[in-house]
>>> print(open('structure.tsv').read())   # TSV, C-alpha atoms and all ligand atoms
chain	number	residue	atom	x	y	z
A	44	MET	CA	0.00	0.00	0.00
A	45	SER	CA	1.49	3.34	-0.97
A	46	SER	CA	1.69	6.03	1.68
A	47	GLY	CA	-1.50	7.99	2.19
A	48	SER	CA	-3.78	5.26	0.87
A	49	LYS	CA	-4.32	3.84	4.33
A	50	ARG	CA	-7.82	4.55	5.68
A	51	LEU	CA	-8.52	6.43	8.88
A	52	LYS	CA	-10.80	4.26	11.02
A	53	ASN	CA	-13.80	5.69	12.89
A	54	LEU	CA	-13.62	8.96	11.07
A	55	GLN	CA	-16.12	10.63	8.80
A	56	ILE	CA	-15.58	13.88	7.00
A	57	CYS	CA	-18.23	15.84	5.10
A	58	ARG	CA	-18.14	18.56	2.50
A	59	PRO	CA	-21.30	20.50	1.61
A	60	PHE	CA	-22.25	21.40	-1.94
A	61	VAL	CA	-25.20	22.58	-4.00
A	62	TYR	CA	-26.39	21.46	-7.41
A	63	GLY	CA	-29.18	22.55	-9.66
A	64	ASN	CA	-29.95	24.98	-12.44
A	65	MET	CA	-30.82	28.55	-13.32
A	66	ALA	CA	-32.88	29.45	-16.40
A	67	VAL	CA	-33.97	32.64	-18.16
A	68	PRO	CA	-36.41	33.06	-21.05
A	69	LEU	CA	-34.67	34.06	-24.29
A	70	LYS	CA	-35.34	37.64	-25.39
A	71	GLU	CA	-36.32	38.98	-28.81
A	72	ASP	CA	-32.72	40.05	-29.48
A	73	ARG	CA	-31.44	36.46	-29.25
A	74	SER	CA	-28.46	35.37	-31.29
A	75	PRO	CA	-29.34	34.06	-34.79
A	76	ASP	CA	-27.30	30.92	-33.94
A	77	ILE	CA	-29.93	29.78	-31.44
A	78	PRO	CA	-32.49	27.40	-33.00
A	79	PRO	CA	-35.90	29.15	-33.34
A	80	ASP	CA	-37.73	26.55	-31.23
A	81	HIS	CA	-35.49	27.21	-28.21
A	82	THR	CA	-37.20	29.29	-25.52
A	83	HIS	CA	-34.72	29.40	-22.63
A	84	SER	CA	-31.08	29.71	-21.75
A	85	TRP	CA	-30.03	27.63	-18.74
A	86	THR	CA	-27.03	26.58	-16.68
A	87	VAL	CA	-26.76	23.38	-14.67
A	88	PHE	CA	-24.08	23.43	-11.98
A	89	LEU	CA	-22.44	21.76	-9.02
A	90	LYS	CA	-20.54	24.00	-6.63
A	91	GLY	CA	-19.27	24.42	-3.11
A	92	VAL	CA	-21.09	26.38	-0.44
A	93	ASN	CA	-19.90	29.95	0.28
A	94	GLY	CA	-17.59	29.93	-2.70
A	95	ASP	CA	-15.75	26.80	-1.50
A	96	ASP	CA	-13.57	25.34	-4.21
A	97	LEU	CA	-14.37	21.64	-4.67
A	98	SER	CA	-11.57	20.99	-7.13
A	99	SER	CA	-9.04	19.92	-4.48
A	100	PHE	CA	-10.99	16.64	-4.21
A	101	VAL	CA	-13.34	16.64	-7.22
A	102	LYS	CA	-11.54	15.58	-10.40
A	103	ARG	CA	-14.39	15.95	-12.87
A	104	VAL	CA	-18.14	16.20	-13.17
A	105	VAL	CA	-20.10	14.62	-16.01
A	106	PHE	CA	-23.47	16.16	-16.82
A	107	LYS	CA	-25.64	13.84	-18.91
A	108	LEU	CA	-28.18	15.88	-20.87
A	109	HIS	CA	-31.25	14.77	-22.84
A	110	GLU	CA	-30.27	12.90	-26.02
A	111	THR	CA	-31.80	15.71	-28.14
A	112	TYR	CA	-28.53	17.56	-27.35
A	113	PRO	CA	-25.37	16.97	-29.39
A	114	ASN	CA	-22.61	15.28	-27.32
A	115	SER	CA	-25.13	14.87	-24.56
A	116	SER	CA	-22.51	13.67	-22.08
A	117	ARG	CA	-20.54	16.76	-21.00
A	118	SER	CA	-17.41	16.22	-18.97
A	119	ILE	CA	-16.14	19.22	-17.02
A	120	GLU	CA	-12.62	18.79	-15.67
A	121	GLU	CA	-12.20	22.01	-13.72
A	122	PRO	CA	-14.32	24.60	-11.94
A	123	PRO	CA	-16.76	26.05	-12.53
A	124	PHE	CA	-18.40	22.63	-12.85
A	125	GLU	CA	-21.32	23.72	-15.03
A	126	VAL	CA	-22.89	23.51	-18.48
A	127	THR	CA	-24.77	26.33	-20.17
A	128	GLU	CA	-27.21	25.56	-23.01
A	129	THR	CA	-30.37	26.77	-24.65
A	130	GLY	CA	-33.47	24.64	-25.21
A	131	TRP	CA	-37.24	24.28	-25.08
A	132	GLY	CA	-37.92	21.47	-22.64
A	133	GLU	CA	-37.37	20.29	-19.11
A	134	PHE	CA	-35.75	16.90	-18.47
A	135	GLU	CA	-33.72	14.98	-15.94
A	136	ILE	CA	-29.96	15.58	-15.86
A	137	SER	CA	-27.61	13.13	-14.21
A	138	ILE	CA	-24.62	14.69	-12.48
A	139	ARG	CA	-21.80	12.21	-11.89
A	140	VAL	CA	-18.93	13.30	-9.68
A	141	TYR	CA	-15.47	11.70	-9.93
A	142	PHE	CA	-13.02	12.23	-7.10
A	143	VAL	CA	-9.24	12.67	-7.25
A	144	PRO	CA	-7.38	9.32	-7.34
A	145	GLU	CA	-5.85	9.84	-3.85
A	146	ALA	CA	-9.37	9.70	-2.42
A	147	SER	CA	-9.94	6.10	-3.63
A	148	GLU	CA	-13.65	6.90	-3.62
A	149	LYS	CA	-16.30	5.57	-6.01
A	150	ASN	CA	-17.98	8.19	-8.16
A	151	VAL	CA	-21.38	9.41	-7.02
A	152	VAL	CA	-24.39	10.41	-9.07
A	153	MET	CA	-27.18	12.88	-8.38
A	154	TYR	CA	-30.25	13.57	-10.50
A	155	HIS	CA	-31.58	17.02	-11.13
A	156	HIS	CA	-34.80	17.88	-12.92
A	157	LEU	CA	-34.01	20.87	-15.14
A	158	LYS	CA	-36.49	23.65	-14.38
A	159	LEU	CA	-37.26	26.27	-17.02
A	160	HIS	CA	-40.67	27.51	-15.92
A	161	PRO	CA	-41.50	29.42	-12.75
A	162	TYR	CA	-43.17	27.27	-10.09
A	163	GLY	CA	-44.66	27.91	-6.68
A	164	PRO	CA	-47.07	30.62	-5.47
A	165	GLU	CA	-45.36	33.48	-7.35
A	166	ALA	CA	-45.24	31.59	-10.65
A	167	GLU	CA	-47.67	33.73	-12.64
A	168	GLN	CA	-46.02	37.01	-11.64
A	169	GLN	CA	-42.54	35.61	-12.32
A	170	LYS	CA	-43.65	34.38	-15.73
A	171	SER	CA	-44.86	37.82	-16.78
A	172	ASP	CA	-41.66	39.42	-15.37
A	173	GLY	CA	-39.46	37.00	-17.33
A	174	ALA	CA	-37.75	36.24	-14.01
A	175	THR	CA	-34.77	33.93	-13.60
A	176	VAL	CA	-35.81	30.50	-12.35
A	177	THR	CA	-33.56	28.75	-9.87
A	178	SER	CA	-33.93	25.20	-8.66
A	179	MET	CA	-31.22	23.82	-6.45
A	180	GLN	CA	-30.54	21.39	-3.66
A	181	TYR	CA	-28.10	21.28	-0.79
A	182	ASP	CA	-26.27	18.02	-0.16
A	183	GLU	CA	-23.06	16.74	1.41
A	184	PHE	CA	-20.30	14.43	0.28
A	185	VAL	CA	-19.76	12.08	3.19
A	186	PHE	CA	-16.39	10.34	3.25
A	187	SER	CA	-16.38	7.47	5.71
A	188	GLU	CA	-12.94	6.30	6.78
A	189	PRO	CA	-11.18	8.54	4.25
A	190	THR	CA	-7.70	7.73	3.00
A	191	GLU	CA	-4.95	9.65	4.76
A	192	SER	CA	-4.34	11.57	1.54
A	193	LEU	CA	-7.97	12.63	1.24
A	194	PHE	CA	-8.02	13.64	4.90
A	195	GLU	CA	-4.90	15.70	4.28
A	196	ILE	CA	-6.48	17.40	1.26
A	197	LEU	CA	-9.73	18.16	3.09
A	198	THR	CA	-8.11	19.61	6.19
A	199	LYS	CA	-5.36	21.52	4.43
A	200	LYS	CA	-5.49	25.22	5.09
A	201	SER	CA	-7.24	26.82	2.14
A	202	GLY	CA	-5.61	29.81	0.46
A	203	ALA	CA	-8.68	31.93	1.21
A	204	VAL	CA	-8.02	32.16	4.95
A	205	LEU	CA	-4.33	33.00	4.77
A	206	PRO	CA	-3.74	36.43	6.26
A	207	ALA	CA	-3.26	39.18	3.74
A	208	GLN	CA	0.26	40.48	3.12
A	209	LYS	CA	1.37	42.85	5.88
A	210	SER	CA	2.54	46.31	5.02
A	211	THR	CA	3.79	49.11	7.29
A	212	MET	CA	1.79	51.69	5.34
A	213	VAL	CA	-1.65	50.18	5.84
A	214	PRO	CA	-4.42	52.20	7.45
A	215	PHE	CA	-5.31	51.13	10.97
A	216	SER	CA	-8.48	49.21	10.08
A	217	THR	CA	-6.66	47.07	7.53
A	218	GLN	CA	-3.89	46.41	10.01
A	219	SER	CA	-6.29	45.27	12.71
A	220	GLU	CA	-8.08	43.16	10.12
A	221	ASN	CA	-4.75	41.53	9.28
A	222	GLU	CA	-4.11	40.85	12.94
A	223	GLU	CA	-7.55	39.31	13.23
A	224	LEU	CA	-6.81	37.14	10.21
A	225	ASP	CA	-3.53	36.09	11.81
A	226	ARG	CA	-5.34	35.08	14.97
A	227	LEU	CA	-7.97	33.15	13.03
A	228	SER	CA	-5.30	31.45	11.03
A	229	ASP	CA	-3.38	30.48	14.19
A	230	ALA	CA	-6.55	29.17	15.79
A	231	GLN	CA	-7.33	27.16	12.68
A	232	SER	CA	-3.83	25.63	12.68
A	233	LYS	CA	-4.27	24.64	16.31
A	234	VAL	CA	-7.65	23.01	15.66
A	235	GLN	CA	-6.18	21.12	12.72
A	236	GLU	CA	-3.19	20.04	14.79
A	237	ASN	CA	-5.61	18.76	17.45
A	238	ILE	CA	-7.63	16.85	14.86
A	239	ARG	CA	-4.43	15.30	13.54
A	240	ARG	CA	-3.28	14.33	17.03
A	241	LEU	CA	-6.66	12.83	17.96
A	242	THR	CA	-6.77	10.95	14.66
A	243	GLU	CA	-3.35	9.45	15.40
A	244	ARG	CA	-4.50	8.52	18.90
A	245	ILE	CA	-7.57	6.77	17.42
A	246	HIS	CA	-5.21	4.91	15.12
A	247	VAL	CA	-3.09	3.68	17.99
A	248	LEU	CA	-6.15	2.65	20.00
A	249	GLU	CA	-7.55	0.80	17.00
A	250	GLN	CA	-4.31	-1.10	16.64
A	251	GLU	CA	-4.26	-1.97	20.32
A	252	LYS	CA	-7.84	-3.14	20.11
A	253	ALA	CA	-7.05	-5.32	17.09
A	254	ALA	CA	-4.03	-6.76	18.91
A	255	LEU	CA	-6.15	-7.57	21.98
A	256	GLN	CA	-8.83	-9.19	19.84
A	257	SER	CA	-6.30	-11.45	18.16
A	258	LEU	CA	-5.11	-12.85	21.53
B	1	LIG	C1	-40.08	17.10	-22.96
B	1	LIG	N1	-39.25	14.98	-22.20
B	1	LIG	O1	-40.78	16.60	-23.85
B	1	LIG	C2	-38.90	16.31	-22.44
B	1	LIG	C3	-37.78	16.40	-23.43
B	1	LIG	C4	-36.00	17.78	-24.39
B	1	LIG	C5	-35.37	19.09	-24.36
B	1	LIG	C6	-37.12	17.70	-23.38
B	1	LIG	C7	-33.66	20.94	-27.22
B	1	LIG	C8	-32.40	20.28	-27.56
B	1	LIG	C9	-31.82	20.76	-28.84
B	1	LIG	C10	-34.31	20.61	-25.90
B	1	LIG	O2	-34.65	21.53	-25.18
B	1	LIG	N2	-34.56	19.34	-25.52
B	1	LIG	O3	-32.57	21.21	-29.71
B	1	LIG	O4	-30.61	20.68	-28.99
B	1	LIG	O5	-40.34	18.19	-22.46
>>> encode(input="structure.tsv", output="structure tokens")
Amino acid sequence: MSSGSKRLKNLQICRPFVYGNMAVPLKEDRSPDIPPDHTHSWTVFLKGVNGDDLSSFVKRVVFKLHETYPNSSRSIEEPPFEVTETGWGEFEISIRVYFVPEASEKNVVMYHHLKLHPYGPEAEQQKSDGATVTSMQYDEFVFSEPTESLFEILTKKSGAVLPAQKSTMVPFSTQSENEELDRLSDAQSKVQENIRRLTERIHVLEQEKAALQSL
């Protein structure tokens, strides 16, 4: 077994995401390239919550469209994981997610019913306004007993929380913001260090338990 492919027992790690679609009715000034029977422009997507980047552990996402579309299987290898199209009808889209090889996880599939037409109590008003229709769902990837590599990837400090570059010429508010970011970053490192230590401890206990059971 290569390093990092070992699985961490008794540990589960989750990552939230949303998937779904947005749609808008096509206007009079539509491009001449769009077939005349198409009524809407839409985007189907899978993305992290709060701008989270999923690409550290998601390798690609395959959106399977209705077979009336050319190359109906669309493979997206990097974020944004989405497909934009025009069309006239609603249909079910399968969204298959492949994880990075270090994760040693099977791909997962979700189904989303493409929504073009307003629904719900405000539907009539929205229809006459030509409003954007959104239909999306929250879900979580649940990794049970992740590989060490996947655990590493998922708990790695993300670039977004690194403190901004310090400068001596910054106005006071920016400086105190930077200090706050430093403190948050330190606290985050400590929490991660604790998680790592506890995970190791669990490992050791698991091994002791296995040794006792084999007596
Ligand atoms: C329906 N069962 O009848 C659905 C099928 C198909 C949608 C919807 C056009 C594709 C294209 C398109 O919108 N297909 O012309 O490339 O409502």
>>> closest_residue(input="structure.tsv", among="A:Leu108, A:Val185, A:Val87, A:Val61", to="ligand LIG 1 (chain B)", atoms="only C-alpha atoms and all ligand atoms")
A:Leu108
>>> residues_near_ligand(input="structure.tsv", ligand="ligand LIG 1 (chain B)", cutoff="9 Å", atoms="only C-alpha atoms and all ligand atoms", output="count of residues only")
19
>>> residues_around(input="structure.tsv", residues="A:Leu193", least_positions_apart="3", cutoff="9 Å", atoms="all atoms listed in the file", output="ChimeraX atom specification")
/A:47-48,100,143,145-147,186,189-190,196-198
>>> closest_residue(input="structure.tsv", among="A:Ala253, A:Ile77, A:Leu89, A:Leu97", to="A:Ser178", atoms="only C-alpha atoms")
A:Leu89
>>> closest_residue(input="structure.tsv", among="A:Lys90, A:His160, A:Lys149, A:Lys170", to="A:Glu121", atoms="all atoms listed in the file")
A:Lys90
>>> decode(input="structure.tsv", residues="stretch 225-240 of chain A", atoms="all heavy atoms", output="compact mmCIF listing (two decimals), in the first residue's frame")
# COMPACT_ATOMS: atom_id res chain seq x y z
N ASP A 225 -4.64 36.87 11.24
CA ASP A 225 -3.53 36.09 11.81
C ASP A 225 -4.03 35.21 12.95
O ASP A 225 -3.69 34.04 13.04
CB ASP A 225 -2.44 37.02 12.38
CG ASP A 225 -1.49 37.49 11.28
OD1 ASP A 225 -1.54 36.90 10.18
OD2 ASP A 225 -0.72 38.44 11.54
N ARG A 226 -4.83 35.83 13.82
CA ARG A 226 -5.34 35.08 14.97
C ARG A 226 -6.22 33.93 14.52
O ARG A 226 -6.10 32.81 15.02
CB ARG A 226 -6.13 36.01 15.90
CG ARG A 226 -5.24 36.81 16.86
CD ARG A 226 -6.04 37.41 17.99
NE ARG A 226 -6.94 38.47 17.54
CZ ARG A 226 -6.56 39.73 17.37
NH1 ARG A 226 -5.31 40.11 17.61
NH2 ARG A 226 -7.42 40.63 16.95
N LEU A 227 -7.09 34.21 13.54
CA LEU A 227 -7.97 33.15 13.03
C LEU A 227 -7.16 32.02 12.43
O LEU A 227 -7.43 30.84 12.64
CB LEU A 227 -8.93 33.72 11.98
CG LEU A 227 -10.06 34.57 12.52
CD1 LEU A 227 -10.82 35.23 11.37
CD2 LEU A 227 -11.02 33.71 13.33
N SER A 228 -6.14 32.43 11.70
CA SER A 228 -5.30 31.45 11.03
C SER A 228 -4.55 30.58 12.04
O SER A 228 -4.45 29.37 11.89
CB SER A 228 -4.35 32.21 10.11
OG SER A 228 -3.40 31.36 9.60
N ASP A 229 -4.05 31.22 13.12
CA ASP A 229 -3.38 30.48 14.19
C ASP A 229 -4.34 29.49 14.84
O ASP A 229 -4.02 28.34 15.08
CB ASP A 229 -2.89 31.43 15.29
CG ASP A 229 -1.59 32.11 14.88
OD1 ASP A 229 -1.04 31.72 13.83
OD2 ASP A 229 -1.16 33.02 15.62
N ALA A 230 -5.55 30.01 15.13
CA ALA A 230 -6.55 29.17 15.79
C ALA A 230 -6.88 27.98 14.91
O ALA A 230 -6.97 26.84 15.38
CB ALA A 230 -7.82 29.97 16.06
N GLN A 231 -7.00 28.24 13.61
CA GLN A 231 -7.33 27.16 12.68
C GLN A 231 -6.21 26.11 12.66
O GLN A 231 -6.48 24.91 12.68
CB GLN A 231 -7.56 27.72 11.29
CG GLN A 231 -8.24 26.72 10.37
CD GLN A 231 -8.31 27.21 8.95
OE1 GLN A 231 -7.43 27.96 8.51
NE2 GLN A 231 -9.32 26.80 8.24
N SER A 232 -4.96 26.58 12.66
CA SER A 232 -3.83 25.63 12.68
C SER A 232 -3.90 24.76 13.92
O SER A 232 -3.65 23.56 13.87
CB SER A 232 -2.49 26.35 12.69
OG SER A 232 -2.40 27.21 11.60
N LYS A 233 -4.23 25.40 15.06
CA LYS A 233 -4.27 24.64 16.31
C LYS A 233 -5.37 23.58 16.27
O LYS A 233 -5.15 22.44 16.67
CB LYS A 233 -4.49 25.58 17.50
CG LYS A 233 -3.17 26.18 17.95
CD LYS A 233 -3.30 27.06 19.18
CE LYS A 233 -2.05 27.91 19.30
NZ LYS A 233 -2.35 29.32 19.54
N VAL A 234 -6.55 23.98 15.76
CA VAL A 234 -7.65 23.01 15.66
C VAL A 234 -7.23 21.85 14.77
O VAL A 234 -7.44 20.68 15.10
CB VAL A 234 -8.93 23.69 15.11
CG1 VAL A 234 -9.98 22.66 14.75
CG2 VAL A 234 -9.49 24.69 16.11
N GLN A 235 -6.59 22.18 13.64
CA GLN A 235 -6.18 21.12 12.72
C GLN A 235 -5.14 20.21 13.35
O GLN A 235 -5.15 19.00 13.17
CB GLN A 235 -5.69 21.71 11.42
CG GLN A 235 -6.81 21.71 10.39
CD GLN A 235 -6.65 22.78 9.35
OE1 GLN A 235 -5.55 23.25 9.12
NE2 GLN A 235 -7.74 23.14 8.72
N GLU A 236 -4.22 20.83 14.11
CA GLU A 236 -3.19 20.04 14.79
C GLU A 236 -3.86 19.09 15.78
O GLU A 236 -3.51 17.91 15.87
CB GLU A 236 -2.22 21.00 15.51
CG GLU A 236 -1.03 20.34 16.17
CD GLU A 236 -0.33 19.31 15.29
OE1 GLU A 236 -0.20 19.55 14.06
OE2 GLU A 236 0.07 18.26 15.82
N ASN A 237 -4.87 19.60 16.50
CA ASN A 237 -5.61 18.76 17.45
C ASN A 237 -6.31 17.61 16.76
O ASN A 237 -6.27 16.48 17.24
CB ASN A 237 -6.65 19.59 18.22
CG ASN A 237 -6.03 20.27 19.42
OD1 ASN A 237 -4.97 19.87 19.88
ND2 ASN A 237 -6.70 21.29 19.93
N ILE A 238 -6.94 17.91 15.62
CA ILE A 238 -7.63 16.85 14.86
C ILE A 238 -6.62 15.78 14.47
O ILE A 238 -6.84 14.59 14.64
CB ILE A 238 -8.32 17.42 13.60
CG1 ILE A 238 -9.47 18.34 13.99
CG2 ILE A 238 -8.82 16.29 12.70
CD1 ILE A 238 -10.14 19.04 12.82
N ARG A 239 -5.47 16.23 13.98
CA ARG A 239 -4.43 15.30 13.54
C ARG A 239 -3.97 14.43 14.72
O ARG A 239 -3.86 13.21 14.58
CB ARG A 239 -3.24 16.09 12.99
CG ARG A 239 -2.80 15.62 11.64
CD ARG A 239 -1.65 16.46 11.14
NE ARG A 239 -2.11 17.70 10.55
CZ ARG A 239 -2.57 17.80 9.31
NH1 ARG A 239 -2.61 16.74 8.52
NH2 ARG A 239 -2.98 18.95 8.83
N ARG A 240 -3.77 15.07 15.87
CA ARG A 240 -3.28 14.33 17.03
C ARG A 240 -4.31 13.29 17.49
O ARG A 240 -3.99 12.15 17.75
CB ARG A 240 -2.94 15.29 18.17
CG ARG A 240 -1.64 14.87 18.84
CD ARG A 240 -1.23 15.83 19.93
NE ARG A 240 -0.83 17.13 19.42
CZ ARG A 240 -1.15 18.29 20.01
NH1 ARG A 240 -1.90 18.32 21.08
NH2 ARG A 240 -0.71 19.42 19.52
